[in-house]
Amino acid sequence: DECNHLADYNVAKHILDVHRCEETAVTVPFTKEQMQRYIRFAQTLNPKIMEESQRVLVDCYRKLRQRDMMGRSRAAYRITVRQLESMIRLSEALARLHCDDHIQPSYVREAFRLLRKSIIHVETEDVTFEDDDDGGHDSGA
């Protein structure tokens with residue numbers, strides 16, 4: 001998300017106008033019925049993964065896994081097959097958005113970008129415990 005003062009102002013103004021019930025702040029290009037028809041049609045699509053898109057998916061998943069292992073805290077977040085499945089579902093959704101019967105490599109790359117941005121990597125120092133001679137019990141009092 002790029003910082004753009006004018007765009008940020010317009011987004012904030014729109015959100016505030018909507019919450020103040022001043023929905024006329026935006027001119028919508030489509031009617032509610034047109035949007036519902038578009039969504040119903042998009043839901044009927046069952047996009048297939050193209051061979052090139054499959055290679056991009058594998059490469060993106062590999063990059064996520066490698067990046068996960070490079071942090072200081074290797075147990076902070078584990079990239080698993082669930083993230084690969086999420087990337088596939090996001091790619092399918094993007095194909096439906098574009099009314100495309102095939103998952104294009106560009107959809108996979110966008111799904112990868114979205115997934116990468118949504119992952120919170122927690123960088124922590126290793127925790128060390130010191131051995132006390134008294135077994136860790138407080139002996140005062």
# chains A, B, ... in the order shown; residues from 1 in each chain; ligands from 1

call {"tool": "closest_atom_pairs", "arguments": {"of": "stretch 72-124 of chain A", "to": "stretch 49-59 of chain A", "cutoff": "7 Å", "atoms": "only C-alpha atoms", "output": "JSON lines"}}
result
{"residue": "A:His102", "atom": "CA", "partner": "A:Ile49", "partner_atom": "CA", "distance": 6.0}
{"residue": "A:Ile103", "atom": "CA", "partner": "A:Ile49", "partner_atom": "CA", "distance": 4.9}
{"residue": "A:Gln104", "atom": "CA", "partner": "A:Ser53", "partner_atom": "CA", "distance": 5.8}
{"residue": "A:Pro105", "atom": "CA", "partner": "A:Ser53", "partner_atom": "CA", "distance": 4.4}
{"residue": "A:Val108", "atom": "CA", "partner": "A:Leu57", "partner_atom": "CA", "distance": 6.3}

call {"tool": "write_last_selection", "arguments": {"atoms": "C-alpha atoms", "output": "PDB file, in the first residue's frame"}}
result
ATOM      1  CA  HIS A 102      -7.865 -20.158 -16.670  1.00  0.00           C
ATOM      2  CA  ILE A 103      -5.653 -19.135 -13.764  1.00  0.00           C
ATOM      3  CA  GLN A 104      -3.054 -16.894 -15.337  1.00  0.00           C
ATOM      4  CA  PRO A 105       0.481 -16.505 -13.933  1.00  0.00           C
ATOM      5  CA  VAL A 108      -0.760 -16.290  -9.040  1.00  0.00           C
TER       6      VAL A 108
END

call {"tool": "residues_around", "arguments": {"residues": "A:Thr44", "least_positions_apart": "2", "cutoff": "12 Å", "atoms": "only C-alpha atoms", "output": "ChimeraX atom specification"}}
result
/A:37-42,46-47,92-93,95-97,99-101

call {"tool": "write_last_selection", "arguments": {"atoms": "C-alpha atoms", "output": "mmCIF file, in the first residue's frame"}}
result
data_model
loop_
_atom_site.group_PDB
_atom_site.id
_atom_site.type_symbol
_atom_site.label_atom_id
_atom_site.label_comp_id
_atom_site.auth_asym_id
_atom_site.auth_seq_id
_atom_site.Cartn_x
_atom_site.Cartn_y
_atom_site.Cartn_z
ATOM 1 C CA ARG A 37 -25.596 -10.537 -11.787
ATOM 2 C CA TYR A 38 -21.819 -10.210 -12.254
ATOM 3 C CA ILE A 39 -21.137 -11.970 -8.927
ATOM 4 C CA ARG A 40 -23.596 -14.789 -9.722
ATOM 5 C CA PHE A 41 -21.893 -15.314 -13.090
ATOM 6 C CA ALA A 42 -18.378 -15.219 -11.614
ATOM 7 C CA ASN A 46 -14.356 -23.025 -12.296
ATOM 8 C CA PRO A 47 -10.964 -21.758 -13.493
ATOM 9 C CA GLU A 92 -8.967 -18.842 -8.460
ATOM 10 C CA ALA A 93 -10.815 -15.840 -7.028
ATOM 11 C CA ALA A 95 -9.547 -15.537 -12.267
ATOM 12 C CA ARG A 96 -13.257 -15.350 -11.401
ATOM 13 C CA LEU A 97 -12.943 -11.606 -10.843
ATOM 14 C CA CYS A 99 -14.220 -13.838 -15.721
ATOM 15 C CA ASP A 100 -11.338 -16.028 -16.867
ATOM 16 C CA ASP A 101 -11.604 -19.806 -17.291
#

call {"tool": "closest_residue", "arguments": {"among": "A:Arg116, A:Lys32, A:Lys13, A:Arg67", "to": "A:Ser86", "atoms": "only C-alpha atoms"}}
result
A:Arg116

call {"tool": "residues_around", "arguments": {"residues": "A:Leu115", "least_positions_apart": "4", "cutoff": "7 Å", "atoms": "only C-alpha atoms", "output": "PyMOL selection string"}}
result
chain A and resi 87+111+119

call {"tool": "write_last_selection", "arguments": {"atoms": "N, CA, C and O atoms", "output": "mmCIF file, in the first residue's frame"}}
result
data_model
loop_
_atom_site.group_PDB
_atom_site.id
_atom_site.type_symbol
_atom_site.label_atom_id
_atom_site.label_comp_id
_atom_site.auth_asym_id
_atom_site.auth_seq_id
_atom_site.Cartn_x
_atom_site.Cartn_y
_atom_site.Cartn_z
ATOM 1 N N MET A 87 -3.028 -19.627 -1.489
ATOM 2 C CA MET A 87 -2.564 -18.982 -2.714
ATOM 3 C C MET A 87 -3.366 -19.495 -3.920
ATOM 4 O O MET A 87 -3.717 -18.713 -4.813
ATOM 5 N N ALA A 111 -1.743 -13.146 -6.040
ATOM 6 C CA ALA A 111 -2.112 -13.928 -4.853
ATOM 7 C C ALA A 111 -0.909 -14.071 -3.918
ATOM 8 O O ALA A 111 -1.040 -13.936 -2.697
ATOM 9 N N ILE A 119 1.059 -12.022 5.923
ATOM 10 C CA ILE A 119 1.785 -12.833 6.898
ATOM 11 C C ILE A 119 2.563 -11.932 7.839
ATOM 12 O O ILE A 119 3.336 -11.076 7.404
#

call {"tool": "atom_distance", "arguments": {"atom1": "atom CA of A:Ser118", "atom2": "atom CA of A:Asp68"}}
result
13.5 Å

call {"tool": "select_by_dssp", "arguments": {"residues": "stretch 17-76 of chain A", "states": "alpha helix (DSSP H)", "output": "PDB file with N, CA, C and O atoms, in the first residue's frame"}}
result
ATOM      1  N   ASP A  17     -17.977   9.844   5.174  1.00  0.00           N
ATOM      2  CA  ASP A  17     -19.261  10.199   4.558  1.00  0.00           C
ATOM      3  C   ASP A  17     -20.240   9.030   4.592  1.00  0.00           C
ATOM      4  O   ASP A  17     -21.423   9.208   4.865  1.00  0.00           O
ATOM      5  N   VAL A  18     -19.746   7.833   4.313  1.00  0.00           N
ATOM      6  CA  VAL A  18     -20.611   6.650   4.345  1.00  0.00           C
ATOM      7  C   VAL A  18     -21.134   6.421   5.764  1.00  0.00           C
ATOM      8  O   VAL A  18     -22.320   6.133   5.955  1.00  0.00           O
ATOM      9  N   HIS A  19     -20.261   6.581   6.755  1.00  0.00           N
ATOM     10  CA  HIS A  19     -20.688   6.375   8.142  1.00  0.00           C
ATOM     11  C   HIS A  19     -21.641   7.476   8.620  1.00  0.00           C
ATOM     12  O   HIS A  19     -22.396   7.262   9.563  1.00  0.00           O
ATOM     13  N   LYS A  32     -26.866  -2.012  -8.281  1.00  0.00           N
ATOM     14  CA  LYS A  32     -26.802  -3.151  -7.370  1.00  0.00           C
ATOM     15  C   LYS A  32     -27.154  -4.441  -8.118  1.00  0.00           C
ATOM     16  O   LYS A  32     -26.493  -5.473  -7.942  1.00  0.00           O
ATOM     17  N   GLU A  33     -28.153  -4.381  -8.972  1.00  0.00           N
ATOM     18  CA  GLU A  33     -28.579  -5.556  -9.732  1.00  0.00           C
ATOM     19  C   GLU A  33     -27.487  -6.020 -10.703  1.00  0.00           C
ATOM     20  O   GLU A  33     -27.267  -7.227 -10.870  1.00  0.00           O
ATOM     21  N   GLN A  34     -26.801  -5.075 -11.350  1.00  0.00           N
ATOM     22  CA  GLN A  34     -25.707  -5.432 -12.254  1.00  0.00           C
ATOM     23  C   GLN A  34     -24.580  -6.131 -11.487  1.00  0.00           C
ATOM     24  O   GLN A  34     -24.017  -7.120 -11.968  1.00  0.00           O
ATOM     25  N   MET A  35     -24.251  -5.626 -10.323  1.00  0.00           N
ATOM     26  CA  MET A  35     -23.203  -6.236  -9.508  1.00  0.00           C
ATOM     27  C   MET A  35     -23.604  -7.645  -9.061  1.00  0.00           C
ATOM     28  O   MET A  35     -22.791  -8.566  -9.088  1.00  0.00           O
ATOM     29  N   GLN A  36     -24.861  -7.807  -8.652  1.00  0.00           N
ATOM     30  CA  GLN A  36     -25.341  -9.126  -8.230  1.00  0.00           C
ATOM     31  C   GLN A  36     -25.282 -10.118  -9.394  1.00  0.00           C
ATOM     32  O   GLN A  36     -24.888 -11.271  -9.193  1.00  0.00           O
ATOM     33  N   ARG A  37     -25.659  -9.669 -10.609  1.00  0.00           N
ATOM     34  CA  ARG A  37     -25.596 -10.537 -11.787  1.00  0.00           C
ATOM     35  C   ARG A  37     -24.152 -10.928 -12.101  1.00  0.00           C
ATOM     36  O   ARG A  37     -23.848 -12.095 -12.400  1.00  0.00           O
ATOM     37  N   TYR A  38     -23.245  -9.955 -12.022  1.00  0.00           N
ATOM     38  CA  TYR A  38     -21.819 -10.210 -12.254  1.00  0.00           C
ATOM     39  C   TYR A  38     -21.287 -11.234 -11.248  1.00  0.00           C
ATOM     40  O   TYR A  38     -20.605 -12.191 -11.617  1.00  0.00           O
ATOM     41  N   ILE A  39     -21.619 -11.057  -9.973  1.00  0.00           N
ATOM     42  CA  ILE A  39     -21.137 -11.970  -8.927  1.00  0.00           C
ATOM     43  C   ILE A  39     -21.697 -13.370  -9.146  1.00  0.00           C
ATOM     44  O   ILE A  39     -20.968 -14.367  -9.029  1.00  0.00           O
ATOM     45  N   ARG A  40     -23.000 -13.466  -9.472  1.00  0.00           N
ATOM     46  CA  ARG A  40     -23.596 -14.789  -9.722  1.00  0.00           C
ATOM     47  C   ARG A  40     -22.899 -15.489 -10.891  1.00  0.00           C
ATOM     48  O   ARG A  40     -22.618 -16.682 -10.834  1.00  0.00           O
ATOM     49  N   PHE A  41     -22.595 -14.727 -11.942  1.00  0.00           N
ATOM     50  CA  PHE A  41     -21.893 -15.314 -13.090  1.00  0.00           C
ATOM     51  C   PHE A  41     -20.484 -15.757 -12.695  1.00  0.00           C
ATOM     52  O   PHE A  41     -20.060 -16.867 -13.017  1.00  0.00           O
ATOM     53  N   ALA A  42     -19.758 -14.896 -12.011  1.00  0.00           N
ATOM     54  CA  ALA A  42     -18.378 -15.219 -11.614  1.00  0.00           C
ATOM     55  C   ALA A  42     -18.331 -16.472 -10.744  1.00  0.00           C
ATOM     56  O   ALA A  42     -17.394 -17.273 -10.842  1.00  0.00           O
ATOM     57  N   GLN A  43     -19.340 -16.660  -9.914  1.00  0.00           N
ATOM     58  CA  GLN A  43     -19.376 -17.841  -9.044  1.00  0.00           C
ATOM     59  C   GLN A  43     -19.561 -19.136  -9.825  1.00  0.00           C
ATOM     60  O   GLN A  43     -19.228 -20.202  -9.328  1.00  0.00           O
ATOM     61  N   THR A  44     -20.080 -19.055 -11.037  1.00  0.00           N
ATOM     62  CA  THR A  44     -20.281 -20.267 -11.837  1.00  0.00           C
ATOM     63  C   THR A  44     -18.986 -20.732 -12.497  1.00  0.00           C
ATOM     64  O   THR A  44     -18.907 -21.870 -12.951  1.00  0.00           O
ATOM     65  N   GLU A  51      -0.390 -24.712 -16.996  1.00  0.00           N
ATOM     66  CA  GLU A  51       0.911 -25.297 -16.674  1.00  0.00           C
ATOM     67  C   GLU A  51       1.904 -24.245 -16.185  1.00  0.00           C
ATOM     68  O   GLU A  51       2.597 -24.454 -15.192  1.00  0.00           O
ATOM     69  N   GLU A  52       1.963 -23.100 -16.872  1.00  0.00           N
ATOM     70  CA  GLU A  52       2.866 -22.026 -16.455  1.00  0.00           C
ATOM     71  C   GLU A  52       2.477 -21.497 -15.075  1.00  0.00           C
ATOM     72  O   GLU A  52       3.336 -21.220 -14.237  1.00  0.00           O
ATOM     73  N   SER A  53       1.184 -21.391 -14.820  1.00  0.00           N
ATOM     74  CA  SER A  53       0.703 -20.921 -13.515  1.00  0.00           C
ATOM     75  C   SER A  53       1.075 -21.903 -12.413  1.00  0.00           C
ATOM     76  O   SER A  53       1.383 -21.496 -11.293  1.00  0.00           O
ATOM     77  N   GLN A  54       1.052 -23.174 -12.737  1.00  0.00           N
ATOM     78  CA  GLN A  54       1.451 -24.195 -11.761  1.00  0.00           C
ATOM     79  C   GLN A  54       2.920 -24.018 -11.389  1.00  0.00           C
ATOM     80  O   GLN A  54       3.285 -24.090 -10.215  1.00  0.00           O
ATOM     81  N   ARG A  55       3.756 -23.751 -12.391  1.00  0.00           N
ATOM     82  CA  ARG A  55       5.189 -23.524 -12.109  1.00  0.00           C
ATOM     83  C   ARG A  55       5.373 -22.285 -11.230  1.00  0.00           C
ATOM     84  O   ARG A  55       6.185 -22.274 -10.306  1.00  0.00           O
ATOM     85  N   VAL A  56       4.601 -21.229 -11.512  1.00  0.00           N
ATOM     86  CA  VAL A  56       4.693 -20.000 -10.716  1.00  0.00           C
ATOM     87  C   VAL A  56       4.223 -20.275  -9.281  1.00  0.00           C
ATOM     88  O   VAL A  56       4.836 -19.795  -8.329  1.00  0.00           O
ATOM     89  N   LEU A  57       3.161 -21.044  -9.123  1.00  0.00           N
ATOM     90  CA  LEU A  57       2.681 -21.400  -7.779  1.00  0.00           C
ATOM     91  C   LEU A  57       3.757 -22.118  -6.977  1.00  0.00           C
ATOM     92  O   LEU A  57       4.012 -21.783  -5.815  1.00  0.00           O
ATOM     93  N   VAL A  58       4.391 -23.098  -7.608  1.00  0.00           N
ATOM     94  CA  VAL A  58       5.447 -23.858  -6.929  1.00  0.00           C
ATOM     95  C   VAL A  58       6.603 -22.934  -6.544  1.00  0.00           C
ATOM     96  O   VAL A  58       7.117 -22.990  -5.421  1.00  0.00           O
ATOM     97  N   ASP A  59       6.988 -22.059  -7.472  1.00  0.00           N
ATOM     98  CA  ASP A  59       8.091 -21.130  -7.208  1.00  0.00           C
ATOM     99  C   ASP A  59       7.745 -20.162  -6.076  1.00  0.00           C
ATOM    100  O   ASP A  59       8.566 -19.916  -5.186  1.00  0.00           O
ATOM    101  N   CYS A  60       6.533 -19.632  -6.077  1.00  0.00           N
ATOM    102  CA  CYS A  60       6.114 -18.703  -5.023  1.00  0.00           C
ATOM    103  C   CYS A  60       6.055 -19.398  -3.667  1.00  0.00           C
ATOM    104  O   CYS A  60       6.472 -18.829  -2.652  1.00  0.00           O
ATOM    105  N   TYR A  61       5.548 -20.616  -3.642  1.00  0.00           N
ATOM    106  CA  TYR A  61       5.487 -21.380  -2.389  1.00  0.00           C
ATOM    107  C   TYR A  61       6.898 -21.645  -1.860  1.00  0.00           C
ATOM    108  O   TYR A  61       7.170 -21.485  -0.673  1.00  0.00           O
ATOM    109  N   ARG A  62       7.806 -21.994  -2.773  1.00  0.00           N
ATOM    110  CA  ARG A  62       9.197 -22.229  -2.389  1.00  0.00           C
ATOM    111  C   ARG A  62       9.811 -20.961  -1.792  1.00  0.00           C
ATOM    112  O   ARG A  62      10.493 -21.001  -0.766  1.00  0.00           O
ATOM    113  N   LYS A  63       9.508 -19.804  -2.396  1.00  0.00           N
ATOM    114  CA  LYS A  63      10.025 -18.527  -1.881  1.00  0.00           C
ATOM    115  C   LYS A  63       9.471 -18.232  -0.489  1.00  0.00           C
ATOM    116  O   LYS A  63      10.205 -17.752   0.384  1.00  0.00           O
ATOM    117  N   LEU A  64       8.187 -18.503  -0.275  1.00  0.00           N
ATOM    118  CA  LEU A  64       7.600 -18.303   1.057  1.00  0.00           C
ATOM    119  C   LEU A  64       8.302 -19.175   2.090  1.00  0.00           C
ATOM    120  O   LEU A  64       8.610 -18.725   3.191  1.00  0.00           O
ATOM    121  N   ARG A  65       8.534 -20.434   1.733  1.00  0.00           N
ATOM    122  CA  ARG A  65       9.187 -21.367   2.663  1.00  0.00           C
ATOM    123  C   ARG A  65      10.629 -20.925   2.954  1.00  0.00           C
ATOM    124  O   ARG A  65      11.065 -20.956   4.102  1.00  0.00           O
ATOM    125  N   GLN A  66      11.350 -20.514   1.932  1.00  0.00           N
ATOM    126  CA  GLN A  66      12.733 -20.072   2.127  1.00  0.00           C
ATOM    127  C   GLN A  66      12.787 -18.829   2.994  1.00  0.00           C
ATOM    128  O   GLN A  66      13.609 -18.723   3.897  1.00  0.00           O
ATOM    129  N   ARG A  67      11.904 -17.895   2.732  1.00  0.00           N
ATOM    130  CA  ARG A  67      11.867 -16.646   3.508  1.00  0.00           C
ATOM    131  C   ARG A  67      11.548 -16.923   4.968  1.00  0.00           C
ATOM    132  O   ARG A  67      12.060 -16.267   5.865  1.00  0.00           O
ATOM    133  N   ASP A  68      10.690 -17.908   5.191  1.00  0.00           N
ATOM    134  CA  ASP A  68      10.299 -18.290   6.542  1.00  0.00           C
ATOM    135  C   ASP A  68      11.500 -18.821   7.321  1.00  0.00           C
ATOM    136  O   ASP A  68      11.615 -18.587   8.515  1.00  0.00           O
ATOM    137  N   MET A  69      12.382 -19.517   6.652  1.00  0.00           N
ATOM    138  CA  MET A  69      13.531 -20.127   7.322  1.00  0.00           C
ATOM    139  C   MET A  69      14.682 -19.156   7.533  1.00  0.00           C
ATOM    140  O   MET A  69      15.618 -19.458   8.251  1.00  0.00           O
ATOM    141  N   MET A  70      14.621 -17.968   6.943  1.00  0.00           N
ATOM    142  CA  MET A  70      15.737 -17.029   7.029  1.00  0.00           C
ATOM    143  C   MET A  70      15.654 -16.106   8.239  1.00  0.00           C
ATOM    144  O   MET A  70      16.625 -15.464   8.572  1.00  0.00           O
TER     145      MET A  70
END

call {"tool": "closest_residue", "arguments": {"among": "A:Ile79, A:Glu110, A:Phe129, A:Asp8", "to": "A:Leu94", "atoms": "only C-alpha atoms"}}
result
A:Glu110

call {"tool": "atom_distance", "arguments": {"atom1": "atom CA of A:Thr31", "atom2": "atom CA of A:Ile15"}}
result
19.8 Å

call {"tool": "select_by_dssp", "arguments": {"residues": "stretch 2-125 of chain A", "states": "strand (DSSP E or B)", "output": "list in words"}}
result
Lys48, Ile49, His102 and Ile103 of chain A

call {"tool": "write_last_selection", "arguments": {"atoms": "N, CA, C and O atoms", "output": "compact mmCIF listing (two decimals), in the first residue's frame"}}
result
# COMPACT_ATOMS: atom_id res chain seq x y z
N LYS A 48 -9.26 -23.25 -14.30
CA LYS A 48 -8.25 -24.31 -14.26
C LYS A 48 -6.86 -23.70 -14.20
O LYS A 48 -6.60 -22.65 -14.79
N ILE A 49 -5.97 -24.40 -13.51
CA ILE A 49 -4.58 -23.93 -13.38
C ILE A 49 -3.81 -24.31 -14.65
O ILE A 49 -3.72 -25.48 -15.00
N HIS A 102 -9.20 -19.65 -16.99
CA HIS A 102 -7.86 -20.16 -16.67
C HIS A 102 -7.18 -19.26 -15.64
O HIS A 102 -7.30 -18.04 -15.71
N ILE A 103 -6.44 -19.89 -14.75
CA ILE A 103 -5.65 -19.13 -13.76
C ILE A 103 -4.35 -18.73 -14.45
O ILE A 103 -3.53 -19.57 -14.79

call {"tool": "atom_distance", "arguments": {"atom1": "atom CA of A:Phe30", "atom2": "atom CA of A:Phe112"}}
result
29.4 Å
